[in-house]
Structure formats: structure tokens, C-alpha cells
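K.L.:
Quick one: structure below, then a few questions.
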Amino acid sequence: MLKIKIKVKHAVMALVAAAVLLPLADRFVVPEAKLIAARKQLANGELRGKKAIADVLESGAFSEERKRAIVRETMVGYTPDRLLASNFDLYVGPAFTSARPRKEEPFGWEEKLPYLQWYADSSPVADAALADVVKHLAYGYHVTGRTDRAMEELERAERRFPEGANAAFGLELALRRAGLAVYAKRYEEAARIVDETAKRAGPDDRRTLDEADRLRARLKELAGEPSPSLSVVSGAVKRSDGTPVAHAGVFLREASIVNRSVTESDPYQTVTDENGAFAFRAVVPGSYQLYLGLDFDQISGWTWPVGGDDWIDLQPGDDATVPVTLRPLLELQSPVNETTVTGETVEFRWEPVAGAAYYTVNAGVQMQNGTTSVPLRTHVKDNALAVPVERLYDLSVGISFETSGDWTSVDPATVLAFADPGNRFFWTVDAYDANGKLLTKSGGYRLNDESIGRLPFFRLKERTLTEADRLVAERRYDEALAAYKRARANDPDDVHPLRMIVRLLQTKAAALNDRSFEDEALPYRSEIVRLRPVNPYVSALLHAYYEKRDWSAYNALFEKYGPLREDPLSGYERSIHATALAKQGKLGEAKRHFEAAMKLDGSHRFVGTYAAVAIASDRSFDAARRIAEAYPDRSFGPPLRNWRLLVANMEAEAVDRPAAYIDELAEKLGWVFGDETGKLRSWIEATDRGAMKAFVQAVMGVR
């Protein structure tokens, strides 16, 4: 055995060293290790990381300078350049709802404000770091309803940047204070701060001077005399229980941008005050829609039941008051929480909504890259709906594919849809009043224990996959199509192979952009209507006849279509039928259907065709002018067509010989209805009637 001899004096020295180093390790090494662990926990989103950071800051193990660095690193998040409508979790409006990804802040305002305040109070130097902390501190006080305190902290910090290399930070803080004064409606104070700040800025400090000019323009707009040609749009954002929604973003968006994402460059934007109130002054005439910017905690469990038809139309000098009311999300009862349905009927049930005249029930499918849903039934009078599972199997949900020209890239979930017992499905309900106004809905954000409710998921296990279904699941679509055709030959009365043949041919036509597969699907569509004459199949066959201009078959099927419908015709369906009638020369019938369609479809996407039918039928501009004024075109996306202006330009062009002009126009519209594209192309190239050509081309573009 190896023996080691240690002298007594060496042992004593080792003990002394340990006695010295252990306290040092406890004071310096252990806190550093705790800080490293806390940072990792924060980065991983662990709640205990917040407590660990707080413990480190309160431990006394670090210098004041080091603690300030920790506060900057862990608690100073995003601060908007302008204290207007920016940095919200969610943007909600008539055309879309979108979530804006932003860095998740681990500390809430009430948790970090004391540390930010300590930093502002204790920092010995006035530098960029202090300016950033104070901006974030003031923003925190502002968004938590303490705007006066925010202004006090900004002013106190401003004094620490009087002149020298860091004076620009003081100017920036001063202009932020002016912006808050504007928000608080202290316009004289805001103007004084702006003027004083501009005087302190040098002539080359364009950033400060430009922001000062922007604030002056805003103050002039707010405090100036109202223009007789401009408008004021005001209102309040509140919940249905009367609680105001403070510090919500409000955007007044022109028709030309309503389908684009909300940005900080939107011309009309503001935030609500403590009472939820907002106002836009000096608004130019036009058509607008309102959008909201909300944080998740403001919308969780609630919805804003705004519809795509909700427009604010301003004539010169008109003012508008627009109340905005958030309503509780509708509660579903069954099936929920992944209920498995094995029987032949699905019983949907939900809590009734006060004032609801009817409901729309939607069913959805989970796909590889998201979800998709379609209406199951509209105009449901009761708060319950019993649906045979076969009715769900009938539903087509569209297709999703990754690569155009490659139909093996199609997501199988969109092909099998509700016929896949391995998938998970969901459902939603929308409630409407007697005028068709949306009251509330079940779909929305439920982000806490109070609002989570019952989850709208269910599974269908009534059937099992067939051999052909399994080939679809494996994306072997050509083999699946052949297998379904064999299954149909073996049992001609089995609906499932027929529906899947149609669905696969439709999918192939879309993915490969080849309409010949739609032609191949036509006899199968006809056969499935014979076996199962329900709305999805009848509608699809009608559309196929419409596209082929087979008016005899179309008219015969439409006569049967009415009695077979479970729900009334939608505005879009009525417009398509009216267009079909116009193409057959039945202009009087077409006008009646178009008028009914306009009242059902607030987008008025077919109003141009309606105006054209009125001109061709009446040989006059009078009805077309009334139609264009009553039903402005608000269809999705460009081009935005001003039919009132198009008609007015033709009236001016026809002033010398109106009767002859309208006869010529009616002839050209007849070519449009008759799909005589060759004649139209030659006339468009040769005509010198600019207004008539513009109108005819616009009608040709209606889809």
C-alpha cells in the first residue's frame, strides 16, 4: 500500500486556505451558478426562472452595477417607437383576425415595474442604457393606466440629459412625454413640450425635428376648427357587461387597405382611454372598416362579433359614432373534449344565446399544416342539431397541396375529410339575430382557467378505412382511384366509392391544373346525385353544368334543387344563378335574383353584373345608377371597382346620342353574357368609347 506523509504545518495551511476559500465560494461562485441556472430557466419558459432572478437580485451577492445589468437583460423588453396602436398580440377586424408574433416577456408589468423604478432611481450615470430603461418604465406605467406617473418619470429622467453627447436621449424622452400628453388630451401642455424640445434640438437633428413636426400636425388636427368637408369617427370599446376595454388599439382603415395586415403606417390609429373611448378627427370622406388591436388577456373568453359587411360610409362632413361591444364566447356542450362517436348520428348541442334567431354550425378537419372548416348547417333554429354521420361524410373541405403539378403532395386529410376514423375533428357555432347580424360565436381565444370551456374536438369511429382509403392515406392516389372504381363496379349502390372518385378527380384537376379530369368526374357527379340527392352533391353538379354552359341540364336540376335544400340559398349562390339566367337571356328573372342576392351578400361582388343586366333590360342608365349607389362593390382584393363612377362616365359619354349609345352598349353586354370573347376582343381593340370599354371590361372581370 502506498503511504503519503503530510507535515503538520502543510495540513494546517490547507485548512486555513479552505476556511478562506469556502466563504468566498459561497459569496461569489454560488450566486453566479444560481444566476446561470435562472437564465436557463427563463430561456426555457420555466416560471421558476422568474423567482430565481428575483432571488438573485434580492440576495445582496452582486454589486449595484451588476444588478442593473441583470435587470436590463431580463426585464427590459420591446418598447414601441410611438405610443400609439402598436405591439398588440391580436388584430381583429371584419376581413381577418391575425396574431402578431412577438417576443414573449417572462415578467409581467407588476412584477418588473419595481425593479425598473429602482434602476431609474439608482443609476449613477445618464447614458443610453438609462434612457432605454426609462422608456420601458414609462411605457409600463402608461399601459397599466398610470399615464401621469409615466410622464413624471420621463420628465425626471430628461433633466439628467441636459446637454453634451447624450443630450439626444433627453430630447427623445421629452417627445415621448409630449406624446403621452396628447393621449391624455392635455394639448396645451403637449404643444409647450414640443416647442421647448424643438428649440433645444440642433438644426441638423432631423429625427427630433421631424417627430416634433408630426406631433404638431397631430395637435393641429385634434385641436383645430373642424373642417366642413371632414368627419369625426368616435366610439367606445366595451364588454357586454359595460366594462371598458382600456388601452386597446383602434384602426380606421380605408377600403383600399382593409384586406392587408395592420401596420404602424396605417393613417388612422389610436388607443382607447381609461373609459374605452376613442376618436378620429379630420377623417376624409370614404368607406372605412374598424379594426382592433388587443392583447390576449383582453380578448380571452370574449369575441368581437363584427361582420365583413360592417362598413362606415362617410360623406363630406358626416360624423359617425361606432360603439364596439365584446361579447362572451358561446359555450359548446357536446360533443366536446375528444368525444368518440360510434353511432350513426352526431348530436350537436350548445348553450342558447339571448336574442339569437338562428345558428350556423360549422365542422372542421385537422390537416398537416393547420385546420379547415365548412358550414354543416345554416339557419338552425334551436340550440341543438342531430346530424347523421353520413351527412358529415358528404362534406368536402377543399384541398391542400404543397407543390403545384404534383398531386401526390396533396394532404390526405383534405381528401378523406370526415371519412377518416383516425383523424380528429372540431366544430364551431355562430349565433345570429333576426336581421342576420352576428351576435357571438364559439370559436375564439380561451387562454385561462376561467375561459377555457369545453374543447370542441370529437372523433368519428362509425366506419373503418377501406383498402382504397388506406391508399389515399399513403398518398398513392392513382392506385386509390383505381381501387374506388373497382369497388363501385362491385357495388354500384355504395355511395362512398362514388364520392371518393369525384373527390380524387376534382383534386387531380386542381393540383395538375387540368380541367379534363373535371370532365371525367361529370358522369360520376350525376350518378351520386341520383343515389344521394343532398345539397353538397347537387350544388357541385349545378356548378359543373354552369361551367359547361349546359343550360338545359342546369335548369332541370335547379328545379329539383329548391325542395332538396336544407338551408336557403346564400347570396353567392343566388348571384351565380342570376348570372346563369342572364347568360340565357332571361334578364327579368336575373334582375329579381340579383336584387335578393345583394341583400344577402354584403360584399356585393356581383353588383357590376346586376347593373349590366339592368342596362340591357331597361335600355336606361337609371336603374344601373341606383344599383351602383345602393350596393358599392366591396369584394375581396383588387381590383376595386367603383361602379357608380363607371356608370356616370358612360352617361357623360352618351350625352349626344343616348339611345344609340345604350343600344350599342346593350349589344356588347349581350356578347359578355353569351361568352362571345372573340367579338369582344376585336371591339375592345377598335373602339374609341373609353367609358363604355371600361365598363364592359369591368363586367367581364366579375367572378
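Going through the C-alpha cells in order, the chains are called A, B, and so on, while each chain numbers its residues from 1 and the ligands are numbered from 1 in the order shown.
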Need to verify the contact set: Thr464 (chain A), 12 Å, only C-alpha atoms, exclusion of same-chain residues closer than 4 positions in sequence. Can you return it as a list in words?

P.N.:
Thr342, Leu416, Phe418, Ala419, Asp420, Pro421, Gly422, Asn423, Leu460, Ala468, Asp469, Arg470 and His496 of chain A

K.L.:
Running DSSP on the backbone, which parts of region 236-435 of chain A land in strand (DSSP E), as a PyMOL selection string?

P.N.:
chain A and resi 236-239+249-254+268-271+277-283+286-294+302-303+312-314+320-321+324-328+332-334+339-341+345-350+358-367+370-380+384-388+425-432

K.L.:
Restricting it to C-alpha atoms, dump the selection as a PDB file, in the first residue's frame.

P.N.:
ATOM      1  CA  ALA A 236     -66.014  53.239 -27.170  1.00  0.00           C
ATOM      2  CA  VAL A 237     -64.761  49.675 -26.823  1.00  0.00           C
ATOM      3  CA  LYS A 238     -66.605  47.898 -24.009  1.00  0.00           C
ATOM      4  CA  ARG A 239     -67.599  44.426 -22.970  1.00  0.00           C
ATOM      5  CA  GLY A 249     -55.671  49.759 -30.367  1.00  0.00           C
ATOM      6  CA  VAL A 250     -58.272  51.121 -32.780  1.00  0.00           C
ATOM      7  CA  PHE A 251     -57.628  51.397 -36.525  1.00  0.00           C
ATOM      8  CA  LEU A 252     -59.910  53.146 -39.016  1.00  0.00           C
ATOM      9  CA  ARG A 253     -58.985  51.517 -42.325  1.00  0.00           C
ATOM     10  CA  GLU A 254     -59.823  52.662 -45.846  1.00  0.00           C
ATOM     11  CA  TYR A 268     -55.887  56.499 -38.728  1.00  0.00           C
ATOM     12  CA  GLN A 269     -54.903  54.785 -35.487  1.00  0.00           C
ATOM     13  CA  THR A 270     -55.268  55.453 -31.801  1.00  0.00           C
ATOM     14  CA  VAL A 271     -55.672  53.735 -28.435  1.00  0.00           C
ATOM     15  CA  ALA A 277     -63.301  55.779 -25.659  1.00  0.00           C
ATOM     16  CA  PHE A 278     -61.617  56.631 -28.957  1.00  0.00           C
ATOM     17  CA  ALA A 279     -61.967  59.302 -31.624  1.00  0.00           C
ATOM     18  CA  PHE A 280     -60.598  60.077 -35.072  1.00  0.00           C
ATOM     19  CA  ARG A 281     -60.826  63.660 -36.245  1.00  0.00           C
ATOM     20  CA  ALA A 282     -60.301  65.141 -39.695  1.00  0.00           C
ATOM     21  CA  VAL A 283     -61.278  61.923 -41.489  1.00  0.00           C
ATOM     22  CA  GLY A 286     -64.881  57.461 -47.989  1.00  0.00           C
ATOM     23  CA  SER A 287     -65.673  53.914 -46.895  1.00  0.00           C
ATOM     24  CA  TYR A 288     -63.926  52.505 -43.842  1.00  0.00           C
ATOM     25  CA  GLN A 289     -63.848  49.483 -41.574  1.00  0.00           C
ATOM     26  CA  LEU A 290     -62.797  49.392 -37.946  1.00  0.00           C
ATOM     27  CA  TYR A 291     -60.093  47.047 -36.642  1.00  0.00           C
ATOM     28  CA  LEU A 292     -58.961  46.451 -33.060  1.00  0.00           C
ATOM     29  CA  GLY A 293     -55.559  45.703 -31.574  1.00  0.00           C
ATOM     30  CA  LEU A 294     -55.894  43.610 -28.413  1.00  0.00           C
ATOM     31  CA  TRP A 302     -64.569  37.154 -25.492  1.00  0.00           C
ATOM     32  CA  THR A 303     -65.200  37.921 -29.147  1.00  0.00           C
ATOM     33  CA  ILE A 312     -68.600  53.108 -42.129  1.00  0.00           C
ATOM     34  CA  ASP A 313     -69.566  55.240 -45.136  1.00  0.00           C
ATOM     35  CA  LEU A 314     -68.679  58.910 -44.731  1.00  0.00           C
ATOM     36  CA  ALA A 320     -70.175  58.684 -37.113  1.00  0.00           C
ATOM     37  CA  THR A 321     -70.472  57.075 -33.682  1.00  0.00           C
ATOM     38  CA  VAL A 324     -67.756  48.352 -30.207  1.00  0.00           C
ATOM     39  CA  THR A 325     -69.020  45.606 -27.901  1.00  0.00           C
ATOM     40  CA  LEU A 326     -67.099  42.465 -26.998  1.00  0.00           C
ATOM     41  CA  ARG A 327     -69.357  39.535 -26.117  1.00  0.00           C
ATOM     42  CA  PRO A 328     -68.688  36.294 -24.222  1.00  0.00           C
ATOM     43  CA  LEU A 332     -70.450  24.282 -26.551  1.00  0.00           C
ATOM     44  CA  GLN A 333     -71.955  21.321 -24.694  1.00  0.00           C
ATOM     45  CA  SER A 334     -71.484  18.185 -26.819  1.00  0.00           C
ATOM     46  CA  THR A 339     -65.775  12.538 -27.529  1.00  0.00           C
ATOM     47  CA  THR A 340     -65.769   9.437 -29.738  1.00  0.00           C
ATOM     48  CA  VAL A 341     -68.932   8.973 -31.824  1.00  0.00           C
ATOM     49  CA  THR A 345     -75.887  10.166 -35.599  1.00  0.00           C
ATOM     50  CA  VAL A 346     -73.934  13.056 -34.087  1.00  0.00           C
ATOM     51  CA  GLU A 347     -75.860  15.139 -31.548  1.00  0.00           C
ATOM     52  CA  PHE A 348     -74.511  18.708 -31.504  1.00  0.00           C
ATOM     53  CA  ARG A 349     -75.661  20.826 -28.576  1.00  0.00           C
ATOM     54  CA  TRP A 350     -74.689  24.260 -27.262  1.00  0.00           C
ATOM     55  CA  TYR A 358     -80.756  31.109 -35.711  1.00  0.00           C
ATOM     56  CA  TYR A 359     -77.319  29.487 -35.639  1.00  0.00           C
ATOM     57  CA  THR A 360     -74.754  28.252 -38.144  1.00  0.00           C
ATOM     58  CA  VAL A 361     -72.929  25.037 -37.248  1.00  0.00           C
ATOM     59  CA  ASN A 362     -69.511  24.527 -38.834  1.00  0.00           C
ATOM     60  CA  ALA A 363     -67.420  21.360 -38.902  1.00  0.00           C
ATOM     61  CA  GLY A 364     -63.668  21.230 -39.348  1.00  0.00           C
ATOM     62  CA  VAL A 365     -60.802  18.886 -40.145  1.00  0.00           C
ATOM     63  CA  GLN A 366     -57.244  18.945 -38.850  1.00  0.00           C
ATOM     64  CA  MET A 367     -54.725  18.996 -41.692  1.00  0.00           C
ATOM     65  CA  GLY A 370     -53.437  23.660 -39.867  1.00  0.00           C
ATOM     66  CA  THR A 371     -57.192  23.300 -39.953  1.00  0.00           C
ATOM     67  CA  THR A 372     -60.047  23.909 -42.370  1.00  0.00           C
ATOM     68  CA  SER A 373     -63.787  24.099 -41.770  1.00  0.00           C
ATOM     69  CA  VAL A 374     -67.017  24.347 -43.760  1.00  0.00           C
ATOM     70  CA  PRO A 375     -70.638  25.104 -42.849  1.00  0.00           C
ATOM     71  CA  LEU A 376     -72.530  21.978 -41.834  1.00  0.00           C
ATOM     72  CA  ARG A 377     -75.935  23.657 -41.466  1.00  0.00           C
ATOM     73  CA  THR A 378     -77.105  27.262 -41.501  1.00  0.00           C
ATOM     74  CA  HIS A 379     -80.317  28.762 -40.109  1.00  0.00           C
ATOM     75  CA  VAL A 380     -80.601  26.211 -37.290  1.00  0.00           C
ATOM     76  CA  ALA A 384     -79.212  21.535 -30.917  1.00  0.00           C
ATOM     77  CA  LEU A 385     -78.688  19.699 -34.192  1.00  0.00           C
ATOM     78  CA  ALA A 386     -78.837  15.965 -34.852  1.00  0.00           C
ATOM     79  CA  VAL A 387     -76.856  15.034 -37.959  1.00  0.00           C
ATOM     80  CA  PRO A 388     -76.390  11.582 -39.495  1.00  0.00           C
ATOM     81  CA  PHE A 425     -62.406  16.864 -35.936  1.00  0.00           C
ATOM     82  CA  PHE A 426     -63.772  20.066 -34.427  1.00  0.00           C
ATOM     83  CA  TRP A 427     -66.910  22.155 -34.628  1.00  0.00           C
ATOM     84  CA  THR A 428     -67.978  25.739 -34.012  1.00  0.00           C
ATOM     85  CA  VAL A 429     -71.257  27.629 -33.754  1.00  0.00           C
ATOM     86  CA  ASP A 430     -72.128  31.202 -34.801  1.00  0.00           C
ATOM     87  CA  ALA A 431     -75.239  32.928 -33.435  1.00  0.00           C
ATOM     88  CA  TYR A 432     -77.232  35.491 -35.470  1.00  0.00           C
TER      89      TYR A 432
END

K.L.:
Identify, on the basis of only C-alpha atoms, every residue whose closest approach to region 565-578 of chain A does not exceed 10 Å; exclude the query and any residue fewer than 5 positions from it along the same chain; express the result as a short mmCIF file (atom, residue, chain, number, x, y, z; two decimals) with C-alpha atoms, in the first residue's frame.

P.N.:
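Dumped everything to selection_34.cif:
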data_model
loop_
_atom_site.label_atom_id
_atom_site.label_comp_id
_atom_site.auth_asym_id
_atom_site.auth_seq_id
_atom_site.Cartn_x
_atom_site.Cartn_y
_atom_site.Cartn_z
CA LEU A 376 -72.53 21.98 -41.83
CA ARG A 377 -75.93 23.66 -41.47
CA THR A 378 -77.10 27.26 -41.50
CA HIS A 379 -80.32 28.76 -40.11
CA VAL A 380 -80.60 26.21 -37.29
CA PRO A 533 -79.58 13.94 -53.81
CA VAL A 534 -78.28 16.16 -50.98
CA ASN A 535 -77.00 19.71 -51.13
CA PRO A 536 -73.21 19.21 -51.48
CA VAL A 538 -76.42 18.85 -56.14
CA SER A 539 -74.54 22.14 -55.76
CA LEU A 542 -75.08 22.56 -60.80
CA HIS A 543 -71.70 24.29 -60.85
CA TYR A 546 -72.82 26.13 -65.24
CA TYR A 554 -78.69 23.24 -65.33
CA ASN A 555 -82.32 24.42 -65.40
CA PHE A 558 -82.24 23.74 -60.41
CA LYS A 560 -85.26 19.98 -58.25
CA LYS A 583 -76.39 34.18 -69.87
CA GLN A 584 -79.59 32.55 -71.12
CA LYS A 586 -83.65 35.75 -69.08
CA LEU A 587 -82.88 39.29 -67.91
CA GLY A 588 -86.08 39.93 -65.94
CA GLU A 589 -85.62 36.81 -63.81
CA ALA A 590 -81.92 37.61 -63.43
CA LYS A 591 -82.73 41.08 -62.01
CA ARG A 592 -85.03 39.64 -59.36
CA HIS A 593 -82.43 37.14 -58.19
CA PHE A 594 -79.65 39.75 -58.20
CA GLU A 595 -81.71 42.10 -56.03
CA ALA A 596 -82.28 39.33 -53.48
CA ALA A 597 -78.59 38.40 -53.62
CA MET A 598 -77.42 41.96 -52.90
CA LYS A 599 -79.34 41.93 -49.61
CA LEU A 600 -77.71 38.65 -48.59
CA ASP A 601 -74.13 39.32 -49.67
CA GLY A 602 -72.67 42.50 -48.19
CA SER A 603 -69.58 42.26 -50.42
CA HIS A 604 -71.83 42.99 -53.46
CA ARG A 605 -69.26 41.18 -55.60
CA PHE A 606 -71.74 40.71 -58.47
CA VAL A 607 -73.16 44.24 -58.44
CA THR A 609 -73.23 42.18 -63.49
CA TYR A 610 -76.50 43.30 -61.87
CA VAL A 613 -78.35 43.32 -66.66
CA ARG A 703 -66.14 36.47 -60.74
#

K.L.:
List the spatial neighbours of Ala482 (chain A) as an MDAnalysis selection string - criterion: any atom at most 12 Å away, only C-alpha atoms, same-chain residues fewer than 2 positions off excluded.

P.N.:
chainID A and resid 467:469 471:472 476:480 484:489 497:498 500:501 504:505

K.L.:
What's the 12 Å shell around Ala150 (chain A), counting only C-alpha atoms, without same-chain residues fewer than 2 positions away, as number ranges by chain?

P.N.:
A: 83, 113, 117, 134-148, 152-157, 173-174, 176-181, 183-184

K.L.:
Per DSSP on the backbone, what are the helix (DSSP H, G or I) residues of region 73-286 of chain A, as a PyMOL selection string?

P.N.:
chain A and resi 73-75+109-122+128-143+147-158+167-183+187-200+206-223

K.L.:
What's around Pro124 (chain A) at 10 Å? Count only C-alpha atoms, leave out sequence neighbours fewer than 6 positions away in its own chain, and write the answer as a PDB file with C-alpha atoms, in the first residue's frame.

P.N.:
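Dumped to result-v9.pdb:
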ATOM      1  CA  GLU A  64     -25.411  47.553  -7.783  1.00  0.00           C
ATOM      2  CA  GLU A  65     -23.896  47.842 -11.244  1.00  0.00           C
ATOM      3  CA  LEU A 130     -30.760  54.510 -18.592  1.00  0.00           C
TER       4      LEU A 130
END

K.L.:
Applying 9 Å and only C-alpha atoms, which residues near Gly301 (chain A) remain after dropping the ones on its own chain fewer than 4 positions away? List them as number ranges by chain.

P.N.:
A: 297, 327-329, 444-448, 450-453

K.L.:
Please compute the CA of Val284 (chain A)-CA of Leu230 (chain A) distance, one decimal, in Å.

P.N.:
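Computing it gives 5.1 Å between the two atoms.
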
K.L.:
Mind pulling up the distance from CA of Arg160 (chain A) to CA of Phe62 (chain A)?

P.N.:
25.7 Å

K.L.:
What does the distance from CA of Glu462 (chain A) to CA of Glu351 (chain A) come to in Å, to one decimal?

P.N.:
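Between these atoms lies a distance of 26.4 Å.
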
K.L.:
Considering only C-alpha atoms, can you say which of A:Thr74, A:Ser396, A:Ser404, A:Thr414 comes closest to Asn369 (chain A)?

P.N.:
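Comparing A:Thr74, A:Ser396, A:Ser404, A:Thr414 against Asn369 (chain A), the winner is A:Thr414.
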